[in-house]
file target_34.cif (mmCIF, C-alpha atoms and all ligand atoms)
data_input
#
loop_
_atom_site.label_atom_id
_atom_site.label_comp_id
_atom_site.auth_asym_id
_atom_site.auth_seq_id
_atom_site.Cartn_x
_atom_site.Cartn_y
_atom_site.Cartn_z
CA MET A 1 51.02 -32.70 -36.38
CA LYS A 2 51.26 -32.33 -40.16
CA ASP A 3 54.76 -33.49 -41.06
CA ASN A 4 56.44 -36.19 -38.97
CA TYR A 5 59.73 -35.90 -40.89
CA ILE A 6 60.76 -32.42 -39.75
CA ARG A 7 64.06 -32.85 -37.88
CA GLU A 8 65.13 -29.20 -37.64
CA PHE A 9 63.17 -25.99 -37.44
CA ASP A 10 63.41 -22.32 -36.49
CA ALA A 11 61.26 -20.81 -33.77
CA LYS A 12 61.13 -18.05 -31.18
CA ILE A 13 61.28 -18.52 -27.41
CA VAL A 14 58.06 -17.19 -25.89
CA ASP A 15 58.59 -18.27 -22.28
CA VAL A 16 61.27 -19.72 -20.03
CA THR A 17 60.18 -21.64 -16.92
CA GLU A 18 62.25 -23.22 -14.15
CA ASP A 19 62.95 -26.32 -16.19
CA SER A 20 61.63 -25.70 -19.69
CA LEU A 21 61.43 -23.53 -22.79
CA ILE A 22 58.19 -22.68 -24.56
CA LEU A 23 58.43 -21.91 -28.29
CA ASP A 24 56.04 -20.19 -30.69
CA ARG A 25 56.08 -23.39 -32.77
CA THR A 26 57.77 -26.77 -32.49
CA ALA A 27 58.42 -30.13 -34.11
CA PHE A 28 59.21 -31.78 -30.75
CA TYR A 29 56.57 -34.39 -29.92
CA PRO A 30 55.30 -34.05 -26.34
CA GLU A 31 54.85 -37.26 -24.35
CA GLY A 32 51.33 -38.55 -24.79
CA GLY A 33 49.12 -41.22 -26.30
CA GLY A 34 51.53 -43.82 -24.92
CA GLN A 35 54.51 -42.38 -26.84
CA ILE A 36 57.57 -40.89 -25.11
CA GLY A 37 58.42 -37.20 -25.66
CA ASP A 38 61.19 -36.11 -28.03
CA LYS A 39 64.73 -35.27 -26.97
CA GLY A 40 67.18 -33.06 -28.86
CA PHE A 41 68.85 -29.65 -28.84
CA ILE A 42 67.80 -26.01 -28.92
CA SER A 43 70.46 -23.55 -29.98
CA THR A 44 71.30 -20.00 -30.97
CA ASP A 45 74.43 -18.88 -32.83
CA SER A 46 76.38 -18.90 -29.56
CA ASP A 47 74.61 -21.30 -27.20
CA ARG A 48 73.17 -24.79 -27.27
CA ILE A 49 71.13 -26.60 -24.65
CA GLU A 50 70.11 -30.20 -24.45
CA ILE A 51 66.42 -31.03 -24.27
CA ILE A 52 65.98 -34.19 -22.22
CA SER A 53 62.24 -34.58 -22.69
CA THR A 54 59.14 -32.85 -24.05
CA LYS A 55 55.88 -32.74 -22.15
CA LYS A 56 52.53 -31.01 -22.49
CA ARG A 57 51.43 -29.11 -19.39
CA GLU A 58 48.24 -27.06 -19.36
CA GLY A 59 48.08 -26.94 -23.12
CA ARG A 60 51.66 -25.74 -23.67
CA VAL A 61 54.54 -27.81 -25.02
CA HIS A 62 57.45 -27.70 -22.55
CA HIS A 63 60.95 -28.45 -23.86
CA ILE A 64 62.62 -29.69 -20.69
CA PHE A 65 66.27 -29.08 -19.82
CA GLU A 66 68.48 -29.82 -16.83
CA GLY A 67 70.40 -27.21 -14.88
CA GLU A 68 70.39 -23.52 -15.61
CA CYS A 69 68.99 -22.03 -18.79
CA ILE A 70 71.30 -19.77 -20.77
CA LEU A 71 68.61 -18.78 -23.28
CA SER A 72 65.95 -16.12 -22.82
CA ASN A 73 62.65 -14.81 -24.12
CA ASP A 74 62.33 -13.56 -27.71
CA GLN A 75 65.50 -15.26 -28.89
CA ILE A 76 65.29 -16.96 -32.27
CA ILE A 77 66.45 -20.55 -31.95
CA LYS A 78 67.10 -23.62 -34.02
CA GLY A 79 65.48 -26.82 -32.80
CA GLU A 80 66.99 -30.22 -33.65
CA LEU A 81 65.32 -33.50 -32.77
CA ASP A 82 67.17 -36.57 -31.58
CA TRP A 83 66.19 -38.19 -34.86
CA ALA A 84 67.36 -41.70 -34.01
CA GLN A 85 64.99 -41.86 -31.05
CA ARG A 86 62.10 -40.14 -32.83
CA TYR A 87 62.37 -42.26 -35.98
CA GLU A 88 62.41 -45.44 -33.94
CA CYS A 89 59.26 -44.27 -32.15
CA MET A 90 57.63 -43.63 -35.54
CA ARG A 91 58.45 -47.18 -36.65
CA PHE A 92 57.27 -48.74 -33.39
CA HIS A 93 54.11 -46.66 -33.24
CA THR A 94 53.05 -47.53 -36.79
CA ALA A 95 53.81 -51.19 -36.13
CA GLN A 96 51.54 -51.06 -33.09
CA HIS A 97 48.65 -49.76 -35.24
CA ILE A 98 49.07 -52.79 -37.51
CA LEU A 99 49.44 -55.27 -34.66
CA SER A 100 46.30 -53.86 -33.05
CA ARG A 101 44.34 -54.01 -36.29
CA TYR A 102 45.45 -57.57 -36.93
CA LEU A 103 44.35 -58.65 -33.44
CA GLN A 104 41.04 -56.82 -33.87
CA LEU A 105 40.31 -58.44 -37.24
CA HIS A 106 41.41 -61.98 -36.43
CA PHE A 107 40.78 -62.30 -32.70
CA ASN A 108 38.22 -59.58 -32.01
CA LEU A 109 40.52 -57.94 -29.47
CA GLU A 110 40.43 -54.35 -28.39
CA THR A 111 43.54 -52.26 -27.69
CA VAL A 112 43.21 -50.81 -24.18
CA GLY A 113 46.66 -49.30 -23.63
CA ASN A 114 50.09 -48.90 -25.14
CA GLN A 115 53.61 -47.66 -24.49
CA ILE A 116 55.85 -46.68 -27.38
CA LYS A 117 59.56 -46.32 -26.71
CA CYS A 118 62.88 -47.24 -28.25
CA GLY A 119 63.90 -50.85 -28.45
CA LYS A 120 60.79 -52.38 -26.98
CA SER A 121 57.18 -51.31 -26.98
CA ARG A 122 54.00 -52.86 -25.70
CA ALA A 123 50.26 -52.81 -26.01
CA ASP A 124 47.44 -54.20 -23.88
CA TYR A 125 44.59 -56.24 -25.34
CA TYR A 126 41.16 -57.24 -24.10
CA PRO A 127 39.68 -59.82 -23.75
CA LEU A 128 42.77 -62.02 -23.90
CA GLU A 129 43.45 -64.73 -21.34
CA SER A 130 46.55 -66.26 -22.85
CA PHE A 131 48.89 -65.62 -25.73
CA HIS A 132 50.23 -69.07 -26.46
CA GLU A 133 53.02 -69.96 -28.89
CA GLU A 134 50.72 -71.00 -31.71
CA MET A 135 48.76 -67.76 -31.61
CA LYS A 136 51.94 -65.73 -31.24
CA GLU A 137 53.44 -67.28 -34.35
CA LYS A 138 50.28 -66.74 -36.38
CA VAL A 139 50.08 -63.09 -35.30
CA GLN A 140 53.76 -62.42 -35.92
CA ASN A 141 53.62 -63.92 -39.41
CA GLY A 142 50.36 -62.15 -40.20
CA VAL A 143 51.66 -58.73 -39.13
CA ASN A 144 54.92 -59.25 -41.03
CA ASP A 145 52.95 -60.08 -44.18
CA ILE A 146 51.11 -56.75 -43.86
CA LEU A 147 54.35 -54.82 -43.21
CA ALA A 148 55.93 -56.39 -46.29
CA GLN A 149 53.14 -55.04 -48.50
CA LYS A 150 54.80 -51.60 -48.38
CA LEU A 151 51.57 -49.80 -47.53
CA ASP A 152 51.42 -46.01 -47.57
CA VAL A 153 50.52 -44.32 -44.32
CA GLY A 154 48.30 -41.27 -44.77
CA LEU A 155 47.45 -38.41 -42.46
CA ARG A 156 44.42 -36.13 -42.65
CA PHE A 157 42.18 -34.05 -40.44
CA MET A 158 38.43 -34.63 -40.17
CA PRO A 159 35.66 -32.87 -38.25
CA ARG A 160 34.92 -34.73 -35.00
CA ASP A 161 31.48 -36.18 -35.82
CA GLU A 162 32.46 -37.09 -39.36
CA ALA A 163 35.57 -38.89 -38.06
CA ILE A 164 33.66 -40.92 -35.49
CA SER A 165 31.01 -42.05 -37.97
CA TYR A 166 33.60 -42.75 -40.69
CA LEU A 167 35.73 -44.94 -38.40
CA GLY A 168 32.63 -46.66 -36.98
CA GLU A 169 31.18 -47.48 -40.39
CA LYS A 170 34.48 -48.95 -41.53
CA GLY A 171 34.66 -51.14 -38.43
CA TYR A 172 37.74 -49.50 -36.93
CA GLN A 173 38.12 -49.06 -33.19
CA VAL A 174 36.09 -46.07 -31.91
CA ARG A 175 35.41 -46.87 -28.26
CA TYR A 176 37.64 -44.17 -26.80
CA LEU A 177 36.84 -41.43 -29.28
CA GLU A 178 33.67 -40.31 -27.49
CA MET A 179 35.82 -39.76 -24.40
CA VAL A 180 37.99 -37.16 -26.14
CA PRO A 181 37.03 -33.73 -24.71
CA LYS A 182 34.27 -32.03 -26.71
CA SER A 183 36.59 -29.05 -27.19
CA VAL A 184 38.52 -31.15 -29.71
CA LYS A 185 36.64 -30.35 -32.90
CA GLU A 186 38.99 -31.98 -35.35
CA PHE A 187 40.44 -35.48 -35.30
CA ARG A 188 43.73 -36.51 -36.86
CA ILE A 189 43.18 -39.67 -38.84
CA ILE A 190 46.07 -42.01 -39.60
CA SER A 191 45.30 -44.48 -42.40
CA ILE A 192 47.49 -47.41 -43.37
CA SER A 193 46.35 -47.90 -46.96
CA ASP A 194 42.83 -49.30 -46.47
CA TYR A 195 44.02 -51.83 -43.89
CA ASP A 196 43.65 -49.58 -40.89
CA ALA A 197 42.48 -46.14 -39.85
CA ALA A 198 42.60 -44.60 -36.39
CA SER A 199 42.40 -41.25 -34.70
CA CYS A 200 45.87 -40.68 -33.30
CA ALA A 201 48.08 -37.72 -32.38
CA GLY A 202 51.33 -39.71 -32.39
CA THR A 203 54.14 -39.88 -34.94
CA HIS A 204 54.20 -42.45 -37.74
CA VAL A 205 56.29 -43.46 -40.74
CA ALA A 206 55.10 -42.74 -44.31
CA ASN A 207 55.26 -46.34 -45.53
CA THR A 208 55.32 -49.73 -43.79
CA ARG A 209 58.54 -50.60 -45.67
CA GLU A 210 60.36 -48.38 -43.15
CA ILE A 211 59.33 -50.58 -40.22
CA GLY A 212 61.11 -53.84 -40.99
CA GLU A 213 59.87 -56.96 -39.20
CA ILE A 214 58.06 -57.35 -35.92
CA ARG A 215 59.13 -59.82 -33.23
CA LEU A 216 56.56 -60.56 -30.56
CA GLY A 217 58.08 -61.06 -27.14
CA LYS A 218 56.68 -62.17 -23.85
CA SER A 219 53.24 -61.30 -22.60
CA LYS A 220 51.72 -60.95 -19.17
CA ASN A 221 48.40 -60.62 -17.47
CA VAL A 222 47.62 -57.01 -16.45
CA GLY A 223 44.05 -57.32 -15.20
CA ALA A 224 40.87 -59.24 -15.77
CA ARG A 225 41.16 -60.78 -19.26
CA LYS A 226 43.67 -58.11 -20.14
CA ARG A 227 47.05 -59.08 -21.54
CA ARG A 228 50.15 -57.00 -22.26
CA ILE A 229 52.15 -58.00 -25.34
CA TYR A 230 55.73 -56.78 -25.79
CA PHE A 231 57.28 -56.41 -29.23
CA SER A 232 60.50 -55.34 -30.87
CA LEU A 233 61.46 -54.59 -34.47
CA ILE A 234 64.17 -55.76 -36.81
CA PRO A 235 65.04 -52.79 -39.07
CA PRO A 236 64.78 -53.21 -42.83
CA THR A 237 68.08 -54.08 -44.51
ZN ZN B 1 49.36 -43.67 -33.79
#
call {"tool": "encode", "arguments": {"input": "target_34.cif", "output": "C-alpha cells"}}
result
Amino acid sequence: MKDNYIREFDAKIVDVTEDSLILDRTAFYPEGGGQIGDKGFISTDSDRIEIISTKKREGRVHHIFEGECILSNDQIIKGELDWAQRYECMRFHTAQHILSRYLQLHFNLETVGNQIKCGKSRADYYPLESFHEEMKEKVQNGVNDILAQKLDVGLRFMPRDEAISYLGEKGYQVRYLEMVPKSVKEFRIISISDYDAASCAGTHVANTREIGEIRLGKSKNVGARKRRIYFSLIPPT
C-alpha cells in the first residue's frame, strides 16, 4: 500500500488453509480493482513454494499455492514477487489512469470498468458509441504526449470526506467513491503530477517515463453506450 517497489520481504506465517498461506504482513498485491493478483515464491531456508495467485477473502490476503503445503504456522519466511509480472501491471495500471483522464478531459467520458493484466489491458468507457480511427489516433497521440512528459506519480492517504471533496473540486472522477463502504475511513490517492488524481488501491509506477508508449487496440460494444478499449504498451528503450 505504501511502497510499490518492494520485491522481497520477510514475514511470519500466521495461518495455513487448504490452498493458501496467510502472513502477518505482505507485499503481494491481492487481485482487485481490476488488477490481477501477484505471483511469486514463499520460502524458508530449506523449502520453497510457488504462489500462483493472491486473493483477498474475508479481509485476509491469501497467498495461493497448488498441491500440498510443506510450510507451517509461525515459520519465518521470505516472500519474493514475480517482479516481471508485477512491474508490467504497474506500468499498465498507471497508463490506464492517464488514458482515462485523457478521455474524461477531451471527450467527457467516464471509466466504468477495467482489467489490468500483462500484455494487454482494457477499460470500459461511457457514453461511447464508437471509437473510430480518427479518434483513436488523437487519443493515442495525446496519451503518448502526456507519458513523454516524465510526470512523477505520487501516493498519499487522505481522510475519506476530505478525499471526496478534494477530488470533486479538482474535477476528477468521484462517482464510485460514495459507494466505497463507510468503514473505509482513509482513501489512497494516486496523483500523476497535477494531470490526474484518483482514489485507487492498485500498484503504479513512480514516473510516467517507466511506461513507454501506449498502443490502442480494438474496441467493442459492451452495453448501452458503453465501449471497451484494449491497449498494449511498448516499453521504454
Ligand atoms: Zn490505480
call {"tool": "closest_atom_pairs", "arguments": {"input": "target_34.cif", "of": "chain A", "to": "ligand ZN 1 (chain B)", "cutoff": "6 Å", "atoms": "all atoms listed in the file", "output": "CSV"}}
result
residue,atom,partner,partner_atom,distance
A:His93,CA,B:ZN1,ZN,5.6
A:Cys200,CA,B:ZN1,ZN,4.6
A:Gly202,CA,B:ZN1,ZN,4.6
call {"tool": "write_last_selection", "arguments": {"input": "target_34.cif", "atoms": "C-alpha atoms", "output": "PDB file, in the coordinates of the input"}}
result
ATOM      1  CA  HIS A  93      54.110 -46.660 -33.240  1.00  0.00           C
ATOM      2  CA  CYS A 200      45.870 -40.680 -33.300  1.00  0.00           C
ATOM      3  CA  GLY A 202      51.330 -39.710 -32.390  1.00  0.00           C
TER       4      GLY A 202
END
call {"tool": "atom_distance", "arguments": {"input": "target_34.cif", "atom1": "CA of Thr44 in chain A", "atom2": "CA of Gln75 in chain A"}}
result
7.8 Å
call {"tool": "axis_aligned_box", "arguments": {"input": "target_34.cif", "around": "range 94-103 of chain A", "padding_each_side": "4 Å", "output": "AutoDock Vina command-line options"}}
result
--center_x 49.1 --center_y -53.1 --center_z -35.3 --size_x 17.5 --size_y 19.1 --size_z 12.5
call {"tool": "residues_around", "arguments": {"input": "target_34.cif", "residues": "range 145-162 of chain A", "least_positions_apart": "6", "cutoff": "7 Å", "atoms": "only C-alpha atoms", "output": "PyMOL selection string"}}
result
chain A and resi 185-193+205-209
call {"tool": "closest_residue", "arguments": {"input": "target_34.cif", "among": "A:Glu31, A:Glu133, A:Asp19, A:Glu88", "to": "Thr54 in chain A", "atoms": "only C-alpha atoms"}}
result
A:Glu31
call {"tool": "closest_residue", "arguments": {"input": "target_34.cif", "among": "A:Lys55, A:Arg91, A:Arg101, A:Lys220", "to": "His132 in chain A", "atoms": "all atoms listed in the file"}}
result
A:Lys220
call {"tool": "residues_near_point", "arguments": {"input": "target_34.cif", "point": "(54.7, -37.4, -25.1)", "cutoff": "9 Å", "atoms": "all atoms listed in the file", "output": "ChimeraX atom specification"}}
result
/A:29-38,53-56,202
call {"tool": "closest_residue", "arguments": {"input": "target_34.cif", "among": "A:Asn108, A:Asn141, A:Ser72, A:Gln96", "to": "Asp15 in chain A", "atoms": "all atoms listed in the file"}}
result
A:Ser72
call {"tool": "atom_distance", "arguments": {"input": "target_34.cif", "atom1": "CA of Ile49 in chain A", "atom2": "CA of Leu71 in chain A"}}
result
8.3 Å
call {"tool": "closest_residue", "arguments": {"input": "target_34.cif", "among": "A:Glu80, A:Asp10, A:Glu66, A:Ile229", "to": "Phe41 in chain A", "atoms": "only C-alpha atoms"}}
result
A:Glu80
call {"tool": "closest_residue", "arguments": {"input": "target_34.cif", "among": "A:Leu103, A:Val16, A:Ile77, A:Ile51", "to": "Asp124 in chain A", "atoms": "all atoms listed in the file"}}
result
A:Leu103
call {"tool": "build_atoms", "arguments": {"input": "target_34.cif", "residues": "range 31-43 of chain A", "atoms": "N, CA and C atoms", "output": "CSV table (one decimal), in the coordinates of the input"}}
result
chain,number,residue,atom,x,y,z
A,31,GLU,N,55.3,-36.0,-24.9
A,31,GLU,CA,54.8,-37.3,-24.4
A,31,GLU,C,53.3,-37.3,-24.3
A,32,GLY,N,52.8,-38.4,-24.8
A,32,GLY,CA,51.3,-38.6,-24.8
A,32,GLY,C,50.9,-39.7,-25.7
A,33,GLY,N,49.7,-40.1,-25.5
A,33,GLY,CA,49.1,-41.2,-26.3
A,33,GLY,C,50.0,-42.5,-26.2
A,34,GLY,N,50.7,-42.6,-25.1
A,34,GLY,CA,51.5,-43.8,-24.9
A,34,GLY,C,52.9,-43.7,-25.5
A,35,GLN,N,53.2,-42.6,-26.2
A,35,GLN,CA,54.5,-42.4,-26.8
A,35,GLN,C,55.4,-41.4,-26.0
A,36,ILE,N,56.7,-41.8,-25.9
A,36,ILE,CA,57.6,-40.9,-25.1
A,36,ILE,C,57.8,-39.6,-25.8
A,37,GLY,N,58.2,-38.5,-25.1
A,37,GLY,CA,58.4,-37.2,-25.7
A,37,GLY,C,59.8,-37.2,-26.3
A,38,ASP,N,59.9,-36.2,-27.3
A,38,ASP,CA,61.2,-36.1,-28.0
A,38,ASP,C,62.3,-35.5,-27.2
A,39,LYS,N,63.5,-35.9,-27.5
A,39,LYS,CA,64.7,-35.3,-27.0
A,39,LYS,C,65.4,-34.5,-28.1
A,40,GLY,N,66.4,-33.7,-27.8
A,40,GLY,CA,67.2,-33.1,-28.9
A,40,GLY,C,67.9,-31.8,-28.3
A,41,PHE,N,68.1,-30.9,-29.2
A,41,PHE,CA,68.8,-29.6,-28.8
A,41,PHE,C,68.1,-28.4,-29.3
A,42,ILE,N,68.3,-27.3,-28.5
A,42,ILE,CA,67.8,-26.0,-28.9
A,42,ILE,C,69.0,-25.1,-28.9
A,43,SER,N,69.2,-24.4,-30.0
A,43,SER,CA,70.5,-23.6,-30.0
A,43,SER,C,70.3,-22.2,-30.6
